[in-house]
Each structure stands twice: as C-alpha cells, then as structure tokens.
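So this block is target.txt, compact mmCIF, C-alpha atoms and all ligand atoms:
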```txt
# COMPACT_ATOMS: atom_id res chain seq x y z
CA GLN A 1 107.82 52.74 122.84
CA GLN A 2 109.05 56.28 123.62
CA THR A 3 109.23 57.58 127.19
CA LEU A 4 108.38 61.19 128.06
CA ALA A 5 112.07 61.93 128.70
CA GLN A 6 113.06 60.50 125.31
CA ASP A 7 110.34 62.55 123.65
CA THR A 8 111.64 65.69 125.37
CA SER A 9 115.22 65.11 124.31
CA LYS A 10 114.18 64.46 120.71
CA LYS A 11 112.15 67.70 120.70
CA SER A 12 115.17 69.64 122.00
CA CYS A 13 117.31 68.32 119.16
CA TYR A 14 114.88 69.95 116.73
CA GLU A 15 114.97 73.13 118.83
CA PHE A 16 118.78 73.15 118.43
CA LEU A 17 118.32 72.53 114.72
CA ASN A 18 115.99 75.54 114.43
CA MET A 19 118.41 77.62 116.49
CA THR A 20 121.36 76.87 114.21
CA SER A 21 119.71 77.43 110.83
CA ARG A 22 116.04 78.40 110.55
CA SER A 23 115.52 78.17 106.80
CA PHE A 24 117.41 74.92 106.20
CA ALA A 25 116.03 73.39 109.42
CA ALA A 26 112.54 73.60 107.92
CA VAL A 27 113.69 71.67 104.84
CA ILE A 28 115.24 68.93 107.03
CA GLN A 29 111.97 68.56 108.94
CA GLU A 30 110.14 67.92 105.64
CA LEU A 31 112.21 64.78 105.07
CA ASP A 32 110.51 61.36 105.17
CA GLU A 33 110.12 59.90 108.67
CA GLU A 34 112.80 57.26 107.95
CA LEU A 35 115.50 59.90 107.26
CA ARG A 36 114.49 62.94 109.34
CA ASP A 37 116.14 62.04 112.66
CA SER A 38 119.40 60.74 111.17
CA VAL A 39 119.82 63.84 108.96
CA CYS A 40 118.89 66.16 111.84
CA LEU A 41 121.50 64.51 114.08
CA PHE A 42 124.07 64.41 111.27
CA TYR A 43 123.54 68.16 110.85
CA LEU A 44 123.93 68.79 114.61
CA VAL A 45 127.07 66.62 114.91
CA LEU A 46 128.57 68.57 111.98
CA ARG A 47 127.56 71.81 113.69
CA GLY A 48 129.34 70.64 116.82
CA LEU A 49 132.50 69.89 114.81
CA ASP A 50 132.24 73.32 113.10
CA THR A 51 131.83 75.13 116.45
CA ILE A 52 135.12 73.61 117.60
CA GLU A 53 136.98 74.27 114.30
CA ASP A 54 135.68 77.87 114.12
CA ASP A 55 136.67 78.83 117.67
CA MET A 56 139.81 80.97 117.40
CA SER A 57 140.00 81.26 121.21
CA LEU A 58 140.65 77.50 121.62
CA ASP A 59 144.23 76.31 122.24
CA LEU A 60 145.48 74.68 119.00
CA ASN A 61 146.47 71.35 120.59
CA ARG A 62 143.15 71.17 122.46
CA LYS A 63 141.27 71.90 119.19
CA VAL A 64 143.20 69.21 117.27
CA GLU A 65 142.58 66.67 120.06
CA LEU A 66 138.81 67.38 119.99
CA LEU A 67 138.57 67.29 116.18
CA ARG A 68 140.41 63.98 115.88
CA SER A 69 138.37 62.31 118.64
CA PHE A 70 134.90 63.74 117.87
CA ASP A 71 133.85 60.43 116.25
CA GLN A 72 134.36 58.78 119.68
CA ILE A 73 132.95 61.72 121.65
CA ILE A 74 129.54 61.26 119.98
CA TYR A 75 129.31 57.83 121.69
CA GLN A 76 130.13 59.18 125.18
CA LYS A 77 126.88 59.57 127.15
CA GLY A 78 126.90 62.75 129.24
CA TRP A 79 129.72 64.50 127.34
CA THR A 80 129.36 68.31 127.18
CA PHE A 81 131.79 71.11 126.32
CA ASN A 82 132.11 74.46 128.07
CA GLU A 83 135.46 75.77 126.79
CA ASN A 84 134.12 77.65 123.77
CA GLY A 85 134.75 81.42 123.72
CA PRO A 86 131.77 83.57 124.85
CA ASN A 87 131.06 84.87 121.34
CA GLU A 88 131.11 81.48 119.62
CA LYS A 89 127.80 81.40 117.72
CA ASP A 90 126.62 77.87 118.55
CA ARG A 91 128.38 77.35 121.87
CA GLU A 92 124.99 76.49 123.45
CA LEU A 93 124.88 73.35 121.30
CA LEU A 94 128.08 71.94 122.82
CA VAL A 95 127.08 72.99 126.35
CA HIS A 96 124.06 70.67 125.94
CA PHE A 97 125.71 68.12 123.63
CA ASP A 98 124.76 65.23 125.97
CA VAL A 99 121.21 65.56 124.63
CA ILE A 100 122.44 65.22 121.02
CA ILE A 101 124.52 62.17 122.01
CA ASN A 102 121.50 60.53 123.68
CA GLU A 103 119.48 60.88 120.51
CA PHE A 104 122.42 59.81 118.30
CA LEU A 105 122.67 56.57 120.33
CA ARG A 106 119.01 55.84 119.61
CA LEU A 107 119.52 55.86 115.83
CA LYS A 108 119.72 52.57 113.89
CA PRO A 109 123.34 51.27 114.02
CA GLU A 110 123.86 51.71 110.27
CA TYR A 111 122.94 55.41 110.53
CA GLN A 112 125.28 55.81 113.52
CA LYS A 113 128.09 54.18 111.51
CA VAL A 114 127.63 56.56 108.54
CA ILE A 115 127.67 59.63 110.83
CA ALA A 116 130.67 58.41 112.88
CA ASN A 117 132.63 57.50 109.72
CA ILE A 118 132.17 60.96 108.13
CA THR A 119 132.84 62.66 111.50
CA LYS A 120 136.19 60.87 111.71
CA LEU A 121 137.21 61.77 108.15
CA MET A 122 136.09 65.39 108.57
CA GLY A 123 137.62 65.80 112.04
CA ASP A 124 140.99 64.55 110.77
CA GLY A 125 140.75 66.77 107.66
CA MET A 126 139.95 69.84 109.78
CA ALA A 127 142.77 68.98 112.22
CA ASP A 128 145.25 68.70 109.32
CA TYR A 129 144.04 72.04 107.95
CA VAL A 130 144.15 74.03 111.21
CA SER A 131 147.63 72.67 111.96
CA GLY A 132 148.83 73.63 108.45
CA GLU A 133 147.02 77.00 108.54
CA HIS A 134 148.84 77.67 111.81
CA ARG A 135 152.22 77.25 110.08
CA GLU A 136 151.70 79.68 107.19
CA ASN A 137 148.79 82.07 106.71
CA THR A 138 147.78 80.92 103.23
CA ALA A 139 147.01 77.23 103.89
CA ILE A 140 144.98 77.30 100.67
CA ALA A 141 147.79 77.95 98.15
CA THR A 142 146.78 75.92 95.10
CA VAL A 143 143.42 75.13 93.45
CA LYS A 144 144.17 71.55 94.51
CA ASP A 145 144.39 72.67 98.21
CA PHE A 146 141.10 74.55 97.66
CA ASP A 147 139.37 71.40 96.35
CA LEU A 148 140.82 69.33 99.23
CA TYR A 149 139.69 71.84 101.89
CA CYS A 150 136.18 72.00 100.38
CA HIS A 151 136.14 68.20 100.15
CA TYR A 152 136.82 67.91 103.90
CA VAL A 153 134.26 70.49 105.06
CA ALA A 154 131.56 70.00 102.43
CA GLY A 155 132.22 67.12 100.00
CA LEU A 156 132.25 64.66 102.91
CA VAL A 157 128.79 65.92 103.93
CA GLY A 158 127.60 64.94 100.46
CA TYR A 159 129.20 61.50 100.97
CA GLY A 160 127.45 61.03 104.32
CA LEU A 161 124.04 62.16 103.12
CA SER A 162 124.22 59.90 100.05
CA ASP A 163 125.10 57.00 102.39
CA LEU A 164 122.12 57.84 104.65
CA PHE A 165 119.78 58.10 101.62
CA ALA A 166 120.94 54.66 100.38
CA ALA A 167 120.85 53.06 103.87
CA SER A 168 117.27 54.28 104.35
CA GLY A 169 116.19 52.46 101.19
CA LEU A 170 114.54 55.66 99.93
CA GLU A 171 117.27 56.10 97.31
CA SER A 172 119.30 53.54 95.29
CA LYS A 173 122.76 52.35 96.40
CA GLU A 174 124.03 53.99 93.18
CA ILE A 175 123.61 57.46 94.68
CA ALA A 176 126.18 56.54 97.36
CA ASP A 177 128.56 54.77 94.94
CA ASP A 178 129.38 57.78 92.77
CA LYS A 179 131.56 59.80 95.18
CA VAL A 180 132.42 62.38 92.48
CA LEU A 181 128.77 63.46 92.24
CA SER A 182 128.28 63.53 96.04
CA ASN A 183 131.49 65.54 96.39
CA ALA A 184 130.33 68.06 93.75
CA MET A 185 127.10 68.64 95.76
CA GLY A 186 129.25 69.91 98.62
CA LEU A 187 131.88 71.76 96.56
CA PHE A 188 129.28 73.77 94.65
CA LEU A 189 127.64 75.02 97.87
CA GLN A 190 130.88 75.61 99.76
CA LYS A 191 132.78 77.35 96.94
CA THR A 192 129.82 79.63 96.19
CA ASN A 193 129.63 80.55 99.90
CA ILE A 194 133.42 81.19 99.98
CA ILE A 195 133.08 83.64 97.07
CA ARG A 196 130.00 85.32 98.65
CA ASP A 197 131.70 85.55 102.08
CA TYR A 198 134.94 87.24 100.85
CA ARG A 199 134.41 90.39 102.93
CA GLU A 200 133.08 88.67 106.09
CA ASP A 201 136.04 86.26 106.07
CA LEU A 202 138.58 89.06 105.32
CA ASP A 203 137.25 91.02 108.32
CA ASP A 204 137.58 87.86 110.45
CA GLY A 205 141.21 87.49 109.32
CA ARG A 206 140.41 84.34 107.31
CA GLN A 207 141.06 83.70 103.63
CA PHE A 208 139.84 80.69 101.64
CA TRP A 209 140.41 81.84 98.06
CA PRO A 210 143.35 79.88 96.57
CA LYS A 211 146.51 82.00 96.15
CA GLU A 212 147.08 80.26 92.77
CA ILE A 213 144.05 82.25 91.56
CA TRP A 214 144.14 85.62 93.40
CA GLY A 215 147.96 85.76 93.18
CA LYS A 216 147.61 86.16 89.37
CA TYR A 217 145.93 89.54 89.95
CA VAL A 218 147.24 91.16 93.18
CA GLU A 219 150.17 90.98 95.64
CA LYS A 220 148.04 90.98 98.81
CA PHE A 221 144.61 89.29 99.23
CA SER A 222 143.14 92.51 100.66
CA ASP A 223 144.27 94.53 97.56
CA LEU A 224 141.12 93.18 95.85
CA THR A 225 139.11 95.70 97.89
CA LYS A 226 141.07 98.73 96.60
CA PRO A 227 139.58 100.92 93.81
CA GLU A 228 142.91 101.10 91.94
CA TYR A 229 142.76 97.31 91.47
CA LYS A 230 139.13 97.34 90.22
CA ASP A 231 139.84 95.59 86.88
CA LYS A 232 142.12 93.01 88.54
CA ALA A 233 139.47 92.40 91.20
CA GLN A 234 136.80 91.81 88.56
CA ALA A 235 139.04 89.38 86.63
CA CYS A 236 139.89 87.55 89.87
CA LEU A 237 136.21 87.21 90.76
CA SER A 238 135.36 85.77 87.33
CA ASP A 239 138.28 83.34 87.69
CA MET A 240 136.76 82.12 90.98
CA VAL A 241 133.28 81.81 89.44
CA LEU A 242 134.82 79.89 86.51
CA ASN A 243 136.22 77.34 88.98
CA VAL A 244 132.74 76.80 90.52
CA LEU A 245 130.88 76.51 87.20
CA ASP A 246 132.69 73.21 86.52
CA ASP A 247 130.68 71.54 89.30
CA VAL A 248 127.28 72.41 87.78
CA PRO A 249 126.91 69.41 85.38
CA GLN A 250 127.70 66.99 88.24
CA VAL A 251 125.21 68.69 90.57
CA LEU A 252 122.47 68.36 87.93
CA THR A 253 123.41 64.72 87.28
CA TYR A 254 123.18 63.93 91.02
CA LEU A 255 119.75 65.59 91.33
CA SER A 256 118.47 63.74 88.25
CA LYS A 257 119.15 60.39 89.97
CA LEU A 258 116.95 61.10 93.01
CA LYS A 259 113.64 59.22 93.30
CA ASN A 260 112.14 60.32 96.65
CA GLN A 261 110.31 63.66 96.59
CA SER A 262 111.35 64.78 100.11
CA VAL A 263 115.00 63.89 99.37
CA PHE A 264 114.83 65.76 96.06
CA ASN A 265 113.49 68.93 97.75
CA PHE A 266 116.10 68.65 100.51
CA CYS A 267 118.93 68.37 97.94
CA ALA A 268 117.64 70.75 95.24
CA ILE A 269 116.79 73.79 97.39
CA PRO A 270 120.37 74.60 98.55
CA GLN A 271 121.67 74.08 94.99
CA VAL A 272 119.19 76.49 93.37
CA MET A 273 119.99 79.03 96.11
CA ALA A 274 123.67 78.59 95.23
CA ILE A 275 123.30 79.06 91.45
CA SER A 276 121.18 82.16 92.18
CA THR A 277 123.90 83.46 94.53
CA LEU A 278 126.59 82.69 91.93
CA ALA A 279 124.75 84.77 89.31
CA LEU A 280 124.35 87.57 91.85
CA VAL A 281 128.06 87.71 92.77
CA PHE A 282 129.40 87.27 89.20
CA ASN A 283 130.99 90.56 88.00
CA ASN A 284 129.58 92.26 91.12
CA LEU A 285 132.42 94.07 92.89
CA ASP A 286 130.20 94.75 95.91
CA ILE A 287 131.30 91.33 97.22
CA TYR A 288 134.63 92.96 98.12
CA HIS A 289 132.81 95.44 100.39
CA ARG A 290 129.78 93.70 101.86
CA ASN A 291 128.03 90.35 102.20
CA LEU A 292 125.59 89.82 99.33
CA LYS A 293 122.48 87.72 99.87
CA ILE A 294 119.69 86.90 97.45
CA ARG A 295 116.46 88.69 98.40
CA LYS A 296 114.06 86.77 100.70
CA GLY A 297 111.26 86.99 98.12
CA GLN A 298 113.47 85.43 95.45
CA ALA A 299 114.58 82.68 97.88
CA VAL A 300 110.96 81.83 98.68
CA LYS A 301 110.12 81.67 94.95
CA LEU A 302 113.10 79.37 94.35
CA ILE A 303 111.97 77.06 97.16
CA MET A 304 108.44 76.91 95.73
CA ASP A 305 109.74 76.19 92.22
CA SER A 306 112.30 73.46 93.05
CA LYS A 307 109.90 70.54 93.29
CA ASP A 308 110.99 68.57 90.22
CA MET A 309 113.92 68.17 87.83
CA ASP A 310 112.36 70.11 84.95
CA HIS A 311 111.83 73.16 87.14
CA VAL A 312 115.32 72.89 88.64
CA VAL A 313 116.88 72.64 85.16
CA SER A 314 114.96 75.72 84.02
CA ILE A 315 116.08 77.64 87.14
CA PHE A 316 119.71 76.70 86.40
CA ARG A 317 119.25 77.65 82.73
CA GLN A 318 117.88 81.08 83.77
CA TYR A 319 120.85 81.87 86.06
CA VAL A 320 123.50 80.43 83.69
CA PHE A 321 122.01 82.72 81.00
CA GLU A 322 122.25 85.64 83.44
CA ILE A 323 125.96 84.85 84.01
CA SER A 324 126.45 84.61 80.24
CA ARG A 325 124.80 88.03 79.79
CA LYS A 326 127.06 89.57 82.47
CA ASN A 327 130.20 88.01 80.92
CA GLU A 328 132.32 90.85 79.44
CA ALA A 329 134.49 90.46 76.31
CA THR A 330 137.21 92.59 78.01
CA ASP A 331 137.48 90.04 80.86
CA PRO A 332 140.64 87.86 80.45
CA ASN A 333 138.48 84.86 81.44
CA PHE A 334 135.71 85.69 78.95
CA MET A 335 136.39 82.74 76.62
CA LYS A 336 136.89 80.19 79.42
CA ILE A 337 133.60 81.27 81.02
CA SER A 338 131.80 81.05 77.67
CA MET A 339 133.14 77.50 77.26
CA ALA A 340 132.16 76.49 80.82
CA ILE A 341 128.66 77.81 80.06
CA GLY A 342 128.71 75.85 76.80
CA ARG A 343 129.49 72.64 78.71
CA ILE A 344 126.58 73.32 81.06
CA GLU A 345 124.16 74.10 78.24
CA GLN A 346 124.90 70.72 76.64
CA TRP A 347 123.51 69.28 79.84
CA ILE A 348 120.51 71.57 80.22
C1 LIG B 1 124.03 65.80 99.05
O1 LIG B 1 124.53 66.90 99.81
C2 LIG B 1 123.62 67.79 100.37
C3 LIG B 1 122.24 67.69 100.16
C4 LIG B 1 121.38 68.63 100.78
C5 LIG B 1 121.89 69.69 101.58
C6 LIG B 1 123.27 69.77 101.77
C7 LIG B 1 123.86 70.90 102.58
O2 LIG B 1 123.00 72.06 102.49
C8 LIG B 1 123.17 73.09 103.46
C9 LIG B 1 122.30 74.28 103.09
C10 LIG B 1 122.37 75.32 104.20
O3 LIG B 1 122.68 75.04 105.33
N1 LIG B 1 122.09 76.58 103.84
C11 LIG B 1 122.16 77.69 104.76
C12 LIG B 1 122.43 78.96 104.03
C13 LIG B 1 123.89 79.25 103.91
O4 LIG B 1 124.70 78.51 104.52
O5 LIG B 1 124.20 80.21 103.21
C14 LIG B 1 120.82 77.92 105.43
O6 LIG B 1 119.81 77.74 104.69
O7 LIG B 1 120.84 78.33 106.60
C15 LIG B 1 124.63 73.48 103.60
O8 LIG B 1 125.05 74.52 103.11
N2 LIG B 1 125.45 72.62 104.28
C16 LIG B 1 126.83 73.06 104.62
C17 LIG B 1 127.92 72.53 103.64
C18 LIG B 1 127.80 73.19 102.27
C19 LIG B 1 129.29 72.88 104.23
C20 LIG B 1 127.83 71.04 103.45
C21 LIG B 1 124.99 71.38 104.81
C22 LIG B 1 125.33 71.04 106.11
C23 LIG B 1 124.81 69.88 106.67
C24 LIG B 1 123.95 69.06 105.93
CL1 LIG B 1 123.27 67.65 106.64
C25 LIG B 1 123.62 69.38 104.60
C26 LIG B 1 124.16 70.53 104.03
C27 LIG B 1 124.14 68.84 101.19
O9 LIG B 1 125.49 68.94 101.49
C28 LIG B 1 126.44 68.95 100.46
```
Kindly transcribe the structure held in the file into structure tokens.
Ligand SMILES: COc1cccc([C@H]2O[C@H](CC(=O)N[C@@H](CC(=O)O)C(=O)O)C(=O)N(CC(C)(C)C)c3ccc(Cl)cc32)c1OC
Amino acid sequence: QQTLAQDTSKKSCYEFLNMTSRSFAAVIQELDEELRDSVCLFYLVLRGLDTIEDDMSLDLNRKVELLRSFDQIIYQKGWTFNENGPNEKDRELLVHFDVIINEFLRLKPEYQKVIANITKLMGDGMADYVSGEHRENTAIATVKDFDLYCHYVAGLVGYGLSDLFAASGLESKEIADDKVLSNAMGLFLQKTNIIRDYREDLDDGRQFWPKEIWGKYVEKFSDLTKPEYKDKAQACLSDMVLNVLDDVPQVLTYLSKLKNQSVFNFCAIPQVMAISTLALVFNNLDIYHRNLKIRKGQAVKLIMDSKDMDHVVSIFRQYVFEISRKNEATDPNFMKISMAIGRIEQWI
C-alpha cells in the first residue's frame, strides 16, 4: 500500500524525468507498468552520473571519487549534492537526489542490482576517461578508444536496459545475453550524436571524434571548420558516418527480437531518430558551423510510424537510400560507404 508521501516522491521523480528530457520522458512513461519505474529511475541515476561527469568546475579528484562510488551513493538515504557549478544543466536533480534514492530503494531487488551494476561499470569507465583526458587533450586517439568511450557512456545503457527487460519477464533472457547487440543500440545513438554535436562540443572545448580518423584529413581538429579545408572536411565527415553505418545491422537485429509493444516503441523511436539524423548530417558541412536537428514535424511522423518492425525497416531503408543518393564518387570513402550500404541492404 502506498502512503501519500511515497506517492508524492514517486510523482516528483517523473517531474525530474520531464525536466531532463521532455520528448524521451514521454516515451518512458508509455512503458508497461512493470518496467516504467525501473527505467525511469535508471534514466535519472544515469543523469545524475552525467551531471557529475559533465561538470568542468568540479575538482578532478572529487569528480573521480564521486564517479567511482556512485553505485554506493544510490543506496544512501538522504544523500544530496550541492557542489555542481551554477550553470550545470541538471544540477537541480542532484540537489534533490534523496528523492530519487528513496524511490530507487523501493524497486524490486533485481532491478536495483541491474541499475547498481551498470552504475558501477559506467562510473569506473567515466573516471578512467576523465583521468586520461586530463593527461592529454585527445583522450580519444584511436577508433578503438572511440568504441570504448561510447561503450562506457552508451553501450552499458543498452546492457542495463536489456537486463531490465529480461528481469521484468516482458522480454526473453536472450535479449540480455547478446551483449554485442545491446552495445550496438548505444553506440549507434551516441556516435550519431557525437557527429551531430561537432560544433557544440568544439565550442565547449571538447572533442570526441577519434584522431585516427580526423588526423587523416587535417592537422588540428578545428581546421575542419575552415573553408580552405572544405574537401578534407567532407571526406572526414563521410569517414565518421562510415564508422556508424556498421552498427545498423545489429540495431535492426536487436529490434527484431523484441516481443512487447511498449518496449519496442521505447527502443525503436530513438533509433529511427538517429538514422534520420545520420542522413541529415551526411555530406552536410553545416555540422561544422551549427547544431543540426531533424525538424519537429519529421520527428513526430517518425514516432507515429515506428510501431512495428516492418515500418521501422522501411524507415531505415528510406534513410539509407538517402545516404546512398548523397554519396559522391569523388569522395575517397565512396566505395567503402557503398559497401556498408550493401551490407545493410542485405538485411533490409
Ligand atoms: C537498448 O538501449 C536503449 C533503448 C531505448 C532507449 C535508449 C536510449 O535512448 C535515449 C534517447 C534520448 O534520450 N534522446 C534524446 C534526444 C537526444 O539526446 O538527442 C531526447 O529525446 O531527449 C538516449 O539517447 N540515451 C542516451 C545514450 C545514447 C547515451 C544511452 C538513453 C539514456 C538513458 C536510457 Cl534509460 C535510454 C537511452 C537505449 O540506450 C542505448
């Protein structure tokens, strides 16, 4: 039986959810009763971790200590955090984190274990990265470093969600067993965002593109914005898109294994947004100057159309075709992109 106080604290968790990400928050709230609270709290715990990792004003040792112990912090009733810089986007969440912890402690133990396990792995991964990043400014040197970074911040989220889906009984254990597919669900979203956010991150003094790729085209990461490097910048961008296209078959395979309608919608919507964004940024040099977003009307249409696998496959086919159309024979990566598209078309 739920007391009034418990009801209030649960409501405020959903208020925090809506504060942190309106559009995706709505999709989480459509999830089946059995999964909604655990996914909402998983999202908020991840947000808390992100707010600490993102805060450049935090002392490095303090940040590392918090990241590595966040999996224990989420069990500490009453814990709150007031050391975030004033302009940290979601600082409010950590100021009231005791409410999140209260609700977390009311989840079934197996859901708590999944969330705590991923929080530990991610917190350690982030701590390793921020320590390394501190030493030299391109912590993401190789494509391998790029995959590892994206695994820590996004692939692990795929792991955790697949574990929650399986633990709830709404999806088969198989969905949690195949880590490669769960990892691809995170990498595809994160890598597409990293391409889209080139300019925003550059202006924030952050760079996530692997030097093994951009170093083939320019000396300095910011040279990609200069008109005299236009052709190099276009080739570099298609090289980055090529790297992301390899995750598409695994994303489609993961989605094809889902049985529950609310889980399918929850998983498919971000992926169709991402393939739409990937087609938008491909061969579009505006990404070096401003943040590109798909139009609201198109996003709404994608959400409406992503209700079943056939529709999702046809949406992917449409955007992969658009990338193929934009692929230029003069681009040094033209053949590799054509082959990556060929591999996807076998699937779709
Ligand atoms: C099986 O795996 C997933 C299945 C469904 C959704 C997501 C994934 O989708 C959102 C979608 C989302 O949050 N979209 C934003 C728009 C944007 O970020 O551009 C939004 O709609 O506000 C997202 O982007 N991330 C953040 C990471 C990519 C780092 C994991 C994310 C963060 C926390 C959770 Cl619980 C889930 C997700 C999955 O994660 C891989």
Would you mind listing the residues within 8 Å of ligand LIG 1 (chain B), counting only C-alpha atoms and all ligand atoms, as a PyMOL selection string?
chain A and resi 20-25+39-40+42-43+46-47+150+153-162+182-190+193+266-271
Per-residue nearest contacts of stretch 154-260 of chain A to stretch 314-336 of chain A (9 Å; only C-alpha atoms) as JSON lines:
```
{"residue": "A:Asp231", "atom": "CA", "partner": "A:Asp331", "partner_atom": "CA", "distance": 8.5}
{"residue": "A:Gln234", "atom": "CA", "partner": "A:Asp331", "partner_atom": "CA", "distance": 7.9}
{"residue": "A:Ala235", "atom": "CA", "partner": "A:Asp331", "partner_atom": "CA", "distance": 6.0}
{"residue": "A:Cys236", "atom": "CA", "partner": "A:Asn333", "partner_atom": "CA", "distance": 9.0}
{"residue": "A:Ser238", "atom": "CA", "partner": "A:Asn333", "partner_atom": "CA", "distance": 6.7}
{"residue": "A:Asp239", "atom": "CA", "partner": "A:Asn333", "partner_atom": "CA", "distance": 6.4}
{"residue": "A:Leu242", "atom": "CA", "partner": "A:Lys336", "partner_atom": "CA", "distance": 7.4}
{"residue": "A:Val248", "atom": "CA", "partner": "A:Phe316", "partner_atom": "CA", "distance": 8.8}
{"residue": "A:Leu252", "atom": "CA", "partner": "A:Phe316", "partner_atom": "CA", "distance": 8.9}
```
I'd like the neighbourhood of stretch 72-87 of chain A as a PDB file with C-alpha atoms, in the coordinates of the input, where a residue qualifies if any of its atoms comes within 9 Å (using only C-alpha atoms), though same-chain residues fewer than 6 positions away should be ignored.
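Output (part_14.pdb):
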```pdb
ATOM      1  CA  VAL A  45     127.070  66.620 114.910  1.00  0.00           C
ATOM      2  CA  THR A  51     131.830  75.130 116.450  1.00  0.00           C
ATOM      3  CA  ILE A  52     135.120  73.610 117.600  1.00  0.00           C
ATOM      4  CA  ASP A  55     136.670  78.830 117.670  1.00  0.00           C
ATOM      5  CA  MET A  56     139.810  80.970 117.400  1.00  0.00           C
ATOM      6  CA  SER A  57     140.000  81.260 121.210  1.00  0.00           C
ATOM      7  CA  LEU A  58     140.650  77.500 121.620  1.00  0.00           C
ATOM      8  CA  LEU A  66     138.810  67.380 119.990  1.00  0.00           C
ATOM      9  CA  LEU A  93     124.880  73.350 121.300  1.00  0.00           C
ATOM     10  CA  LEU A  94     128.080  71.940 122.820  1.00  0.00           C
ATOM     11  CA  VAL A  95     127.080  72.990 126.350  1.00  0.00           C
ATOM     12  CA  HIS A  96     124.060  70.670 125.940  1.00  0.00           C
ATOM     13  CA  PHE A  97     125.710  68.120 123.630  1.00  0.00           C
ATOM     14  CA  ASP A  98     124.760  65.230 125.970  1.00  0.00           C
ATOM     15  CA  VAL A  99     121.210  65.560 124.630  1.00  0.00           C
ATOM     16  CA  ILE A 100     122.440  65.220 121.020  1.00  0.00           C
ATOM     17  CA  ILE A 101     124.520  62.170 122.010  1.00  0.00           C
ATOM     18  CA  ASN A 102     121.500  60.530 123.680  1.00  0.00           C
ATOM     19  CA  PHE A 104     122.420  59.810 118.300  1.00  0.00           C
ATOM     20  CA  LEU A 105     122.670  56.570 120.330  1.00  0.00           C
ATOM     21  CA  ALA A 116     130.670  58.410 112.880  1.00  0.00           C
ATOM     22  CA  LYS A 120     136.190  60.870 111.710  1.00  0.00           C
TER      23      LYS A 120
END
```
Please identify all polymer residues within 10 Å of A:Val64, counting only C-alpha atoms, omitting same-chain residues fewer than 6 positions from it, and present them as a list in words.
Ile52, Glu53, Leu58, Phe70, Gly123, Asp124, Met126, Ala127, Asp128, Tyr129, Val130 and Ser131 of chain A
For stretch 207-214 of chain A, please output as an mmCIF file with C-alpha atoms, in the frame of the given file all residues within 12 Å (counting all atoms listed in the file; exclusion window: fewer than 3 positions along the same chain).
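In the end it all went to part-v9.cif:
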```cif
data_model
loop_
_atom_site.group_PDB
_atom_site.id
_atom_site.type_symbol
_atom_site.label_atom_id
_atom_site.label_comp_id
_atom_site.auth_asym_id
_atom_site.auth_seq_id
_atom_site.Cartn_x
_atom_site.Cartn_y
_atom_site.Cartn_z
ATOM 1 C CA TYR A 129 144.040 72.040 107.950
ATOM 2 C CA GLU A 133 147.020 77.000 108.540
ATOM 3 C CA GLU A 136 151.700 79.680 107.190
ATOM 4 C CA ASN A 137 148.790 82.070 106.710
ATOM 5 C CA THR A 138 147.780 80.920 103.230
ATOM 6 C CA ALA A 139 147.010 77.230 103.890
ATOM 7 C CA ILE A 140 144.980 77.300 100.670
ATOM 8 C CA ALA A 141 147.790 77.950 98.150
ATOM 9 C CA THR A 142 146.780 75.920 95.100
ATOM 10 C CA VAL A 143 143.420 75.130 93.450
ATOM 11 C CA LYS A 144 144.170 71.550 94.510
ATOM 12 C CA ASP A 145 144.390 72.670 98.210
ATOM 13 C CA PHE A 146 141.100 74.550 97.660
ATOM 14 C CA ASP A 147 139.370 71.400 96.350
ATOM 15 C CA LEU A 148 140.820 69.330 99.230
ATOM 16 C CA TYR A 149 139.690 71.840 101.890
ATOM 17 C CA CYS A 150 136.180 72.000 100.380
ATOM 18 C CA GLN A 190 130.880 75.610 99.760
ATOM 19 C CA LYS A 191 132.780 77.350 96.940
ATOM 20 C CA THR A 192 129.820 79.630 96.190
ATOM 21 C CA ASN A 193 129.630 80.550 99.900
ATOM 22 C CA ILE A 194 133.420 81.190 99.980
ATOM 23 C CA ILE A 195 133.080 83.640 97.070
ATOM 24 C CA ARG A 196 130.000 85.320 98.650
ATOM 25 C CA ASP A 197 131.700 85.550 102.080
ATOM 26 C CA TYR A 198 134.940 87.240 100.850
ATOM 27 C CA ARG A 199 134.410 90.390 102.930
ATOM 28 C CA GLU A 200 133.080 88.670 106.090
ATOM 29 C CA ASP A 201 136.040 86.260 106.070
ATOM 30 C CA LEU A 202 138.580 89.060 105.320
ATOM 31 C CA ASP A 203 137.250 91.020 108.320
ATOM 32 C CA ASP A 204 137.580 87.860 110.450
ATOM 33 C CA TYR A 217 145.930 89.540 89.950
ATOM 34 C CA VAL A 218 147.240 91.160 93.180
ATOM 35 C CA GLU A 219 150.170 90.980 95.640
ATOM 36 C CA LYS A 220 148.040 90.980 98.810
ATOM 37 C CA PHE A 221 144.610 89.290 99.230
ATOM 38 C CA SER A 222 143.140 92.510 100.660
ATOM 39 C CA ASP A 223 144.270 94.530 97.560
ATOM 40 C CA LEU A 224 141.120 93.180 95.850
ATOM 41 C CA TYR A 229 142.760 97.310 91.470
ATOM 42 C CA LYS A 232 142.120 93.010 88.540
ATOM 43 C CA ALA A 233 139.470 92.400 91.200
ATOM 44 C CA GLN A 234 136.800 91.810 88.560
ATOM 45 C CA ALA A 235 139.040 89.380 86.630
ATOM 46 C CA CYS A 236 139.890 87.550 89.870
ATOM 47 C CA LEU A 237 136.210 87.210 90.760
ATOM 48 C CA SER A 238 135.360 85.770 87.330
ATOM 49 C CA ASP A 239 138.280 83.340 87.690
ATOM 50 C CA MET A 240 136.760 82.120 90.980
ATOM 51 C CA VAL A 241 133.280 81.810 89.440
ATOM 52 C CA LEU A 242 134.820 79.890 86.510
ATOM 53 C CA ASN A 243 136.220 77.340 88.980
ATOM 54 C CA VAL A 244 132.740 76.800 90.520
ATOM 55 C CA ASN A 333 138.480 84.860 81.440
#
```
Measure the distance from atom CA of A:Leu302 to atom CA of A:Leu17 in Å and round it to one decimal.
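Taking atom CA of A:Leu302 and atom CA of A:Leu17, their separation equals 22.1 Å.
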